[in-house]
file run29.cif (mmCIF, N, CA and C atoms)
data_upload
#
loop_
_atom_site.group_PDB
_atom_site.id
_atom_site.type_symbol
_atom_site.label_atom_id
_atom_site.label_comp_id
_atom_site.auth_asym_id
_atom_site.auth_seq_id
_atom_site.Cartn_x
_atom_site.Cartn_y
_atom_site.Cartn_z
ATOM 1 N N MET A 1 -7.771 7.619 9.746
ATOM 2 C CA MET A 1 -8.645 6.539 10.189
ATOM 3 C C MET A 1 -7.868 5.212 10.140
ATOM 4 N N ALA A 2 -7.954 4.453 11.208
ATOM 5 C CA ALA A 2 -7.235 3.181 11.296
ATOM 6 C C ALA A 2 -7.851 2.143 10.376
ATOM 7 N N LYS A 3 -7.002 1.370 9.749
ATOM 8 C CA LYS A 3 -7.461 0.292 8.886
ATOM 9 C C LYS A 3 -7.439 -0.996 9.685
ATOM 10 N N GLU A 4 -8.552 -1.730 9.655
ATOM 11 C CA GLU A 4 -8.663 -3.008 10.353
ATOM 12 C C GLU A 4 -8.726 -4.132 9.333
ATOM 13 N N VAL A 5 -7.941 -5.189 9.576
ATOM 14 C CA VAL A 5 -7.897 -6.351 8.698
ATOM 15 C C VAL A 5 -8.096 -7.590 9.557
ATOM 16 N N CYS A 6 -9.007 -8.476 9.130
ATOM 17 C CA CYS A 6 -9.239 -9.735 9.829
ATOM 18 C C CYS A 6 -9.023 -10.891 8.862
ATOM 19 N N VAL A 7 -8.330 -11.931 9.346
ATOM 20 C CA VAL A 7 -8.143 -13.141 8.555
ATOM 21 C C VAL A 7 -8.474 -14.345 9.417
ATOM 22 N N ARG A 8 -8.994 -15.379 8.790
ATOM 23 C CA ARG A 8 -9.298 -16.646 9.457
ATOM 24 C C ARG A 8 -8.276 -17.658 8.969
ATOM 25 N N VAL A 9 -7.658 -18.381 9.900
ATOM 26 C CA VAL A 9 -6.630 -19.355 9.548
ATOM 27 C C VAL A 9 -7.090 -20.736 9.987
ATOM 28 N N ASP A 10 -7.141 -21.658 9.041
ATOM 29 C CA ASP A 10 -7.379 -23.075 9.332
ATOM 30 C C ASP A 10 -6.037 -23.755 9.128
ATOM 31 N N SER A 11 -5.410 -24.097 10.228
ATOM 32 C CA SER A 11 -4.030 -24.601 10.172
ATOM 33 C C SER A 11 -3.899 -26.025 9.679
ATOM 34 N N GLY A 12 -4.994 -26.705 9.425
ATOM 35 C CA GLY A 12 -4.902 -28.043 8.855
ATOM 36 C C GLY A 12 -5.222 -29.138 9.841
ATOM 37 N N ILE A 13 -4.366 -30.132 9.892
ATOM 38 C CA ILE A 13 -4.638 -31.360 10.610
ATOM 39 C C ILE A 13 -4.785 -31.146 12.116
ATOM 40 N N CYS A 14 -4.211 -30.098 12.669
ATOM 41 C CA CYS A 14 -4.352 -29.861 14.114
ATOM 42 C C CYS A 14 -5.800 -29.551 14.480
ATOM 43 N N GLY A 15 -6.560 -29.044 13.515
ATOM 44 C CA GLY A 15 -7.976 -28.759 13.762
ATOM 45 C C GLY A 15 -8.218 -27.594 14.707
ATOM 46 N N LEU A 16 -7.244 -26.702 14.846
ATOM 47 C CA LEU A 16 -7.370 -25.566 15.761
ATOM 48 C C LEU A 16 -7.268 -24.250 14.995
ATOM 49 N N PRO A 17 -8.357 -23.816 14.373
ATOM 50 C CA PRO A 17 -8.340 -22.568 13.617
ATOM 51 C C PRO A 17 -8.219 -21.361 14.550
ATOM 52 N N CYS A 18 -7.994 -20.211 13.965
ATOM 53 C CA CYS A 18 -7.948 -18.968 14.735
ATOM 54 C C CYS A 18 -8.369 -17.812 13.843
ATOM 55 N N GLN A 19 -8.585 -16.686 14.480
ATOM 56 C CA GLN A 19 -8.810 -15.447 13.749
ATOM 57 C C GLN A 19 -7.727 -14.470 14.166
ATOM 58 N N ILE A 20 -7.239 -13.732 13.197
ATOM 59 C CA ILE A 20 -6.228 -12.708 13.448
ATOM 60 C C ILE A 20 -6.823 -11.372 13.052
ATOM 61 N N ARG A 21 -6.714 -10.413 13.970
ATOM 62 C CA ARG A 21 -7.203 -9.051 13.720
ATOM 63 C C ARG A 21 -6.011 -8.114 13.828
ATOM 64 N N VAL A 22 -5.798 -7.319 12.795
ATOM 65 C CA VAL A 22 -4.699 -6.352 12.786
ATOM 66 C C VAL A 22 -5.299 -4.974 12.554
ATOM 67 N N ASN A 23 -4.998 -4.049 13.459
ATOM 68 C CA ASN A 23 -5.465 -2.669 13.357
ATOM 69 C C ASN A 23 -4.276 -1.736 13.231
ATOM 70 N N ARG A 24 -4.292 -0.925 12.200
ATOM 71 C CA ARG A 24 -3.215 0.054 12.041
ATOM 72 C C ARG A 24 -3.312 1.082 13.169
ATOM 73 N N ILE A 25 -2.229 1.277 13.884
ATOM 74 C CA ILE A 25 -2.159 2.271 14.959
ATOM 75 C C ILE A 25 -1.776 3.622 14.366
ATOM 76 N N ASP A 26 -0.764 3.586 13.513
ATOM 77 C CA ASP A 26 -0.339 4.773 12.776
ATOM 78 C C ASP A 26 0.281 4.302 11.465
ATOM 79 N N LYS A 27 0.927 5.180 10.751
ATOM 80 C CA LYS A 27 1.446 4.843 9.427
ATOM 81 C C LYS A 27 2.483 3.722 9.444
ATOM 82 N N ARG A 28 3.153 3.519 10.590
ATOM 83 C CA ARG A 28 4.266 2.574 10.653
ATOM 84 C C ARG A 28 4.083 1.427 11.646
ATOM 85 N N LYS A 29 2.924 1.382 12.340
ATOM 86 C CA LYS A 29 2.751 0.372 13.381
ATOM 87 C C LYS A 29 1.310 -0.136 13.408
ATOM 88 N N ALA A 30 1.157 -1.443 13.725
ATOM 89 C CA ALA A 30 -0.168 -2.054 13.804
ATOM 90 C C ALA A 30 -0.274 -2.933 15.048
ATOM 91 N N ALA A 31 -1.484 -2.991 15.595
ATOM 92 C CA ALA A 31 -1.785 -3.869 16.732
ATOM 93 C C ALA A 31 -2.208 -5.226 16.195
ATOM 94 N N VAL A 32 -1.779 -6.294 16.877
ATOM 95 C CA VAL A 32 -2.081 -7.667 16.459
ATOM 96 C C VAL A 32 -2.863 -8.361 17.565
ATOM 97 N N GLU A 33 -3.918 -9.076 17.161
ATOM 98 C CA GLU A 33 -4.731 -9.829 18.112
ATOM 99 C C GLU A 33 -5.041 -11.203 17.503
ATOM 100 N N ILE A 34 -4.783 -12.263 18.254
ATOM 101 C CA ILE A 34 -5.126 -13.628 17.839
ATOM 102 C C ILE A 34 -6.269 -14.092 18.729
ATOM 103 N N THR A 35 -7.401 -14.455 18.116
ATOM 104 C CA THR A 35 -8.584 -14.832 18.890
ATOM 105 C C THR A 35 -9.236 -16.086 18.312
ATOM 106 N N ASP A 36 -10.314 -16.483 18.959
ATOM 107 C CA ASP A 36 -11.171 -17.579 18.490
ATOM 108 C C ASP A 36 -10.391 -18.860 18.207
ATOM 109 N N THR A 37 -9.569 -19.267 19.176
ATOM 110 C CA THR A 37 -8.814 -20.500 19.016
ATOM 111 C C THR A 37 -8.745 -21.246 20.343
ATOM 112 N N GLU A 38 -8.658 -22.541 20.237
ATOM 113 C CA GLU A 38 -8.454 -23.387 21.412
ATOM 114 C C GLU A 38 -6.992 -23.803 21.536
ATOM 115 N N CYS A 39 -6.145 -23.336 20.646
ATOM 116 C CA CYS A 39 -4.732 -23.693 20.654
ATOM 117 C C CYS A 39 -4.006 -22.940 21.767
ATOM 118 N N THR A 40 -3.457 -23.677 22.722
ATOM 119 C CA THR A 40 -2.744 -23.046 23.840
ATOM 120 C C THR A 40 -1.482 -22.334 23.362
ATOM 121 N N MET A 41 -0.858 -22.856 22.324
ATOM 122 C CA MET A 41 0.350 -22.214 21.794
ATOM 123 C C MET A 41 0.012 -20.863 21.162
ATOM 124 N N LEU A 42 -1.129 -20.783 20.488
ATOM 125 C CA LEU A 42 -1.525 -19.503 19.897
ATOM 126 C C LEU A 42 -1.936 -18.499 20.964
ATOM 127 N N HIS A 43 -2.501 -18.986 22.080
ATOM 128 C CA HIS A 43 -2.792 -18.087 23.201
ATOM 129 C C HIS A 43 -1.495 -17.482 23.733
ATOM 130 N N GLU A 44 -0.459 -18.317 23.865
ATOM 131 C CA GLU A 44 0.838 -17.839 24.329
ATOM 132 C C GLU A 44 1.458 -16.893 23.306
ATOM 133 N N MET A 45 1.324 -17.243 22.035
ATOM 134 C CA MET A 45 1.850 -16.390 20.973
ATOM 135 C C MET A 45 1.178 -15.019 21.002
ATOM 136 N N ALA A 46 -0.129 -15.001 21.239
ATOM 137 C CA ALA A 46 -0.887 -13.747 21.291
ATOM 138 C C ALA A 46 -0.383 -12.830 22.399
ATOM 139 N N GLU A 47 0.116 -13.422 23.483
ATOM 140 C CA GLU A 47 0.656 -12.617 24.578
ATOM 141 C C GLU A 47 2.013 -12.012 24.216
ATOM 142 N N THR A 48 2.723 -12.641 23.300
ATOM 143 C CA THR A 48 4.062 -12.200 22.918
ATOM 144 C C THR A 48 4.031 -11.133 21.834
ATOM 145 N N ILE A 49 3.134 -11.283 20.853
ATOM 146 C CA ILE A 49 3.097 -10.328 19.734
ATOM 147 C C ILE A 49 1.816 -9.508 19.795
ATOM 148 N N LYS A 50 1.953 -8.300 20.312
ATOM 149 C CA LYS A 50 0.815 -7.382 20.450
ATOM 150 C C LYS A 50 0.856 -6.283 19.385
ATOM 151 N N GLU A 51 2.045 -5.993 18.878
ATOM 152 C CA GLU A 51 2.224 -4.964 17.856
ATOM 153 C C GLU A 51 3.296 -5.410 16.877
ATOM 154 N N ILE A 52 3.226 -4.831 15.684
ATOM 155 C CA ILE A 52 4.259 -5.086 14.687
ATOM 156 C C ILE A 52 4.459 -3.815 13.868
ATOM 157 N N GLY A 53 5.720 -3.487 13.620
ATOM 158 C CA GLY A 53 6.056 -2.304 12.848
ATOM 159 C C GLY A 53 6.275 -2.647 11.387
ATOM 160 N N ILE A 54 6.242 -1.642 10.558
ATOM 161 C CA ILE A 54 6.380 -1.858 9.121
ATOM 162 C C ILE A 54 7.746 -2.458 8.777
ATOM 163 N N LYS A 55 8.806 -2.045 9.460
ATOM 164 C CA LYS A 55 10.131 -2.625 9.206
ATOM 165 C C LYS A 55 10.143 -4.103 9.604
ATOM 166 N N GLU A 56 9.461 -4.439 10.700
ATOM 167 C CA GLU A 56 9.419 -5.826 11.171
ATOM 168 C C GLU A 56 8.652 -6.733 10.217
ATOM 169 N N VAL A 57 7.652 -6.186 9.552
ATOM 170 C CA VAL A 57 6.878 -6.970 8.578
ATOM 171 C C VAL A 57 7.804 -7.518 7.495
ATOM 172 N N PHE A 58 8.811 -6.750 7.149
ATOM 173 C CA PHE A 58 9.720 -7.140 6.076
ATOM 174 C C PHE A 58 11.044 -7.719 6.574
ATOM 175 N N SER A 59 11.161 -7.934 7.878
ATOM 176 C CA SER A 59 12.419 -8.484 8.400
ATOM 177 C C SER A 59 12.487 -9.990 8.150
ATOM 178 N N PRO A 60 13.686 -10.560 8.078
ATOM 179 C CA PRO A 60 13.845 -11.997 7.822
ATOM 180 C C PRO A 60 13.214 -12.841 8.932
ATOM 181 N N THR A 61 12.919 -14.084 8.610
ATOM 182 C CA THR A 61 12.257 -14.969 9.573
ATOM 183 C C THR A 61 13.047 -15.110 10.871
ATOM 184 N N THR A 62 14.355 -15.070 10.805
ATOM 185 C CA THR A 62 15.171 -15.252 12.011
ATOM 186 C C THR A 62 15.078 -14.094 12.993
ATOM 187 N N THR A 63 14.668 -12.914 12.504
ATOM 188 C CA THR A 63 14.524 -11.745 13.375
ATOM 189 C C THR A 63 13.107 -11.183 13.369
ATOM 190 N N ASN A 64 12.194 -11.870 12.713
ATOM 191 C CA ASN A 64 10.826 -11.389 12.568
ATOM 192 C C ASN A 64 10.016 -11.688 13.830
ATOM 193 N N PRO A 65 9.353 -10.692 14.408
ATOM 194 C CA PRO A 65 8.626 -10.907 15.664
ATOM 195 C C PRO A 65 7.495 -11.938 15.572
ATOM 196 N N ALA A 66 6.880 -12.098 14.419
ATOM 197 C CA ALA A 66 5.815 -13.100 14.275
ATOM 198 C C ALA A 66 6.398 -14.505 14.390
ATOM 199 N N TYR A 67 7.525 -14.731 13.757
ATOM 200 C CA TYR A 67 8.167 -16.048 13.822
ATOM 201 C C TYR A 67 8.838 -16.291 15.172
ATOM 202 N N ILE A 68 9.389 -15.251 15.766
ATOM 203 C CA ILE A 68 9.986 -15.382 17.097
ATOM 204 C C ILE A 68 8.900 -15.728 18.118
ATOM 205 N N ALA A 69 7.744 -15.063 18.032
ATOM 206 C CA ALA A 69 6.637 -15.358 18.949
ATOM 207 C C ALA A 69 6.153 -16.797 18.770
ATOM 208 N N ALA A 70 6.080 -17.258 17.528
ATOM 209 C CA ALA A 70 5.658 -18.639 17.264
ATOM 210 C C ALA A 70 6.662 -19.625 17.843
ATOM 211 N N GLN A 71 7.936 -19.346 17.685
ATOM 212 C CA GLN A 71 8.974 -20.228 18.218
ATOM 213 C C GLN A 71 8.920 -20.272 19.744
ATOM 214 N N LYS A 72 8.794 -19.111 20.384
ATOM 215 C CA LYS A 72 8.716 -19.049 21.845
ATOM 216 C C LYS A 72 7.505 -19.818 22.368
ATOM 217 N N ALA A 73 6.406 -19.780 21.623
ATOM 218 C CA ALA A 73 5.180 -20.459 22.042
ATOM 219 C C ALA A 73 5.223 -21.959 21.768
ATOM 220 N N GLY A 74 6.232 -22.413 21.011
ATOM 221 C CA GLY A 74 6.347 -23.832 20.693
ATOM 222 C C GLY A 74 5.500 -24.271 19.513
ATOM 223 N N CYS A 75 5.127 -23.324 18.662
ATOM 224 C CA CYS A 75 4.324 -23.668 17.479
ATOM 225 C C CYS A 75 5.130 -24.566 16.536
ATOM 226 N N HIS A 76 4.426 -25.413 15.825
ATOM 227 C CA HIS A 76 5.033 -26.283 14.826
ATOM 228 C C HIS A 76 5.670 -25.405 13.748
ATOM 229 N N PRO A 77 6.831 -25.784 13.221
ATOM 230 C CA PRO A 77 7.498 -24.958 12.204
ATOM 231 C C PRO A 77 6.645 -24.658 10.969
ATOM 232 N N SER A 78 5.697 -25.534 10.639
ATOM 233 C CA SER A 78 4.870 -25.288 9.457
ATOM 234 C C SER A 78 3.541 -24.610 9.791
ATOM 235 N N CYS A 79 3.378 -24.128 11.014
ATOM 236 C CA CYS A 79 2.161 -23.400 11.387
ATOM 237 C C CYS A 79 2.024 -22.161 10.496
ATOM 238 N N PRO A 80 0.866 -21.970 9.857
ATOM 239 C CA PRO A 80 0.697 -20.835 8.948
ATOM 240 C C PRO A 80 0.337 -19.514 9.646
ATOM 241 N N VAL A 81 0.183 -19.523 10.954
ATOM 242 C CA VAL A 81 -0.247 -18.310 11.655
ATOM 243 C C VAL A 81 0.762 -17.161 11.532
ATOM 244 N N PRO A 82 2.078 -17.386 11.682
ATOM 245 C CA PRO A 82 2.994 -16.246 11.531
ATOM 246 C C PRO A 82 2.888 -15.553 10.170
ATOM 247 N N VAL A 83 2.799 -16.322 9.113
ATOM 248 C CA VAL A 83 2.690 -15.695 7.786
ATOM 249 C C VAL A 83 1.344 -14.988 7.639
ATOM 250 N N ALA A 84 0.291 -15.516 8.258
ATOM 251 C CA ALA A 84 -1.020 -14.851 8.210
ATOM 252 C C ALA A 84 -0.966 -13.508 8.936
ATOM 253 N N ILE A 85 -0.246 -13.459 10.051
ATOM 254 C CA ILE A 85 -0.072 -12.191 10.762
ATOM 255 C C ILE A 85 0.630 -11.182 9.861
ATOM 256 N N LEU A 86 1.681 -11.618 9.203
ATOM 257 C CA LEU A 86 2.442 -10.717 8.342
ATOM 258 C C LEU A 86 1.619 -10.244 7.147
ATOM 259 N N LYS A 87 0.863 -11.152 6.527
ATOM 260 C CA LYS A 87 0.030 -10.762 5.382
ATOM 261 C C LYS A 87 -1.031 -9.752 5.816
ATOM 262 N N ALA A 88 -1.673 -10.003 6.952
ATOM 263 C CA ALA A 88 -2.703 -9.082 7.461
ATOM 264 C C ALA A 88 -2.082 -7.727 7.810
ATOM 265 N N ALA A 89 -0.890 -7.741 8.405
ATOM 266 C CA ALA A 89 -0.214 -6.487 8.754
ATOM 267 C C ALA A 89 0.152 -5.691 7.505
ATOM 268 N N GLU A 90 0.619 -6.375 6.467
ATOM 269 C CA GLU A 90 0.932 -5.685 5.212
ATOM 270 C C GLU A 90 -0.287 -4.941 4.677
ATOM 271 N N VAL A 91 -1.445 -5.585 4.725
ATOM 272 C CA VAL A 91 -2.670 -4.966 4.217
ATOM 273 C C VAL A 91 -3.099 -3.823 5.125
ATOM 274 N N ALA A 92 -3.052 -4.031 6.450
ATOM 275 C CA ALA A 92 -3.446 -2.983 7.390
ATOM 276 C C ALA A 92 -2.546 -1.761 7.273
ATOM 277 N N LEU A 93 -1.258 -1.996 7.010
ATOM 278 C CA LEU A 93 -0.304 -0.896 6.870
ATOM 279 C C LEU A 93 -0.251 -0.350 5.443
ATOM 280 N N GLU A 94 -1.104 -0.894 4.583
ATOM 281 C CA GLU A 94 -1.274 -0.439 3.202
ATOM 282 C C GLU A 94 0.007 -0.518 2.368
ATOM 283 N N VAL A 95 0.740 -1.626 2.556
ATOM 284 C CA VAL A 95 1.901 -1.883 1.703
ATOM 285 C C VAL A 95 1.649 -3.098 0.812
ATOM 286 N N ALA A 96 0.442 -3.660 0.899
ATOM 287 C CA ALA A 96 0.034 -4.781 0.048
ATOM 288 C C ALA A 96 -1.485 -4.759 -0.060
ATOM 289 N N LEU A 97 -1.975 -5.407 -1.093
ATOM 290 C CA LEU A 97 -3.422 -5.552 -1.278
ATOM 291 C C LEU A 97 -3.875 -6.873 -0.678
ATOM 292 N N SER A 98 -5.149 -6.943 -0.292
ATOM 293 C CA SER A 98 -5.669 -8.185 0.276
ATOM 294 C C SER A 98 -5.945 -9.197 -0.835
ATOM 295 N N LYS A 99 -5.380 -10.362 -0.681
ATOM 296 C CA LYS A 99 -5.573 -11.471 -1.608
ATOM 297 C C LYS A 99 -5.361 -12.742 -0.801
ATOM 298 N N SER A 100 -6.340 -13.632 -0.823
ATOM 299 C CA SER A 100 -6.243 -14.868 -0.053
ATOM 300 C C SER A 100 -5.109 -15.751 -0.554
ATOM 301 N N VAL A 101 -4.524 -16.496 0.375
ATOM 302 C CA VAL A 101 -3.431 -17.396 0.105
ATOM 303 C C VAL A 101 -3.916 -18.826 0.357
ATOM 304 N N THR A 102 -3.500 -19.766 -0.481
ATOM 305 C CA THR A 102 -3.933 -21.152 -0.344
ATOM 306 C C THR A 102 -2.750 -22.097 -0.491
ATOM 307 N N ILE A 103 -2.721 -23.100 0.360
ATOM 308 C CA ILE A 103 -1.816 -24.235 0.160
ATOM 309 C C ILE A 103 -2.726 -25.430 -0.045
ATOM 310 N N GLU A 104 -2.640 -26.047 -1.179
ATOM 311 C CA GLU A 104 -3.550 -27.139 -1.510
ATOM 312 C C GLU A 104 -2.737 -28.394 -1.841
ATOM 313 N N PHE A 105 -3.101 -29.510 -1.205
ATOM 314 C CA PHE A 105 -2.468 -30.777 -1.542
ATOM 315 C C PHE A 105 -3.161 -31.369 -2.762
ATOM 316 N N VAL A 106 -2.373 -31.741 -3.756
ATOM 317 C CA VAL A 106 -2.907 -32.303 -4.997
ATOM 318 C C VAL A 106 -2.197 -33.611 -5.293
ATOM 319 N N ASP A 107 -2.783 -34.426 -6.158
ATOM 320 C CA ASP A 107 -2.152 -35.673 -6.573
ATOM 321 C C ASP A 107 -0.912 -35.371 -7.405
ATOM 322 N N CYS A 108 0.131 -36.111 -7.141
ATOM 323 C CA CYS A 108 1.350 -35.980 -7.936
ATOM 324 C C CYS A 108 1.230 -36.935 -9.126
ATOM 325 N N ASP A 109 1.285 -36.401 -10.313
ATOM 326 C CA ASP A 109 1.169 -37.237 -11.503
ATOM 327 C C ASP A 109 2.509 -37.740 -11.977
#
call {"tool": "encode", "arguments": {"input": "run29.cif", "output": "structure tokens"}}
result
Amino acid sequence: MAKEVCVRVDSGICGLPCQIRVNRIDKRKAAVEITDTECTMLHEMAETIKEIGIKEVFSPTTTNPAYIAAQKAGCHPSCPVPVAILKAAEVALEVALSKSVTIEFVDCD
């Protein structure tokens, strides 16, 4: 049975959230879908990254398909969507447990 994982990403100041849906196709591959966004760059990114393999999930950023798709689409370097795709894929492929990730700005004392 395929495992489906959905994550919601609020990218911050751009104000263009999205939803990422990852469905395990088989033991080593998952389908990726980016939806519910008005960001034209994420629409372009969604056309580039339709699947991701387990080896690719762990590949370095310079050869990782999530980061390559973001770069091709012109996404800002600090866009959190590529890492959200990878985290969701890890869970869908059952190589990690689901745990939310947060980046929080705090006062520097």
call {"tool": "atom_distance", "arguments": {"input": "run29.cif", "atom1": "atom CA of Ser59 of chain A", "atom2": "atom CA of Cys18 of chain A"}}
result
23.8 Å
call {"tool": "atom_distance", "arguments": {"input": "run29.cif", "atom1": "atom C of Pro77 of chain A", "atom2": "atom N of Cys108 of chain A"}}
result
22.4 Å
call {"tool": "closest_residue", "arguments": {"input": "run29.cif", "among": "A:Arg28, A:Asp109, A:Val83, A:Ala88", "to": "Lys55 of chain A", "atoms": "only C-alpha atoms"}}
result
A:Arg28
call {"tool": "closest_residue", "arguments": {"input": "run29.cif", "among": "A:Tyr67, A:Lys27, A:Glu56, A:Val106", "to": "Glu94 of chain A", "atoms": "only N, CA and C atoms"}}
result
A:Lys27
call {"tool": "resolve_selection", "arguments": {"input": "run29.cif", "expression": "the PyMOL selection byres (((chain A and resi 102 and name CA) around 12) and name CA)", "output": "number ranges by chain"}}
result
A: 9-12, 80, 83-84, 99-101, 103-105
call {"tool": "atom_distance", "arguments": {"input": "run29.cif", "atom1": "atom CA of Leu93 of chain A", "atom2": "atom CA of Gly74 of chain A"}}
result
27.6 Å
call {"tool": "axis_aligned_box", "arguments": {"input": "run29.cif", "around": "segment 86-91 of chain A", "padding_each_side": "8 Å", "output": "AutoDock Vina command-line options"}}
result
--center_x -0.3 --center_y -7.7 --center_z 6.7 --size_x 21.5 --size_y 23.8 --size_z 21.0
call {"tool": "select_by_dssp", "arguments": {"input": "run29.cif", "residues": "segment 2-93 of chain A", "states": "helix (DSSP H, G or I)", "output": "PyMOL selection string"}}
result
chain A and resi 40-48+54-57+65-73+81-92
call {"tool": "resolve_selection", "arguments": {"input": "run29.cif", "expression": "the PyMOL selection byres (((chain A and resi 37-53 and name CA) around 7) and name CA)", "output": "PyMOL selection string"}}
result
chain A and resi 16-18+28-36+54-57+65-66+69-70+73-75
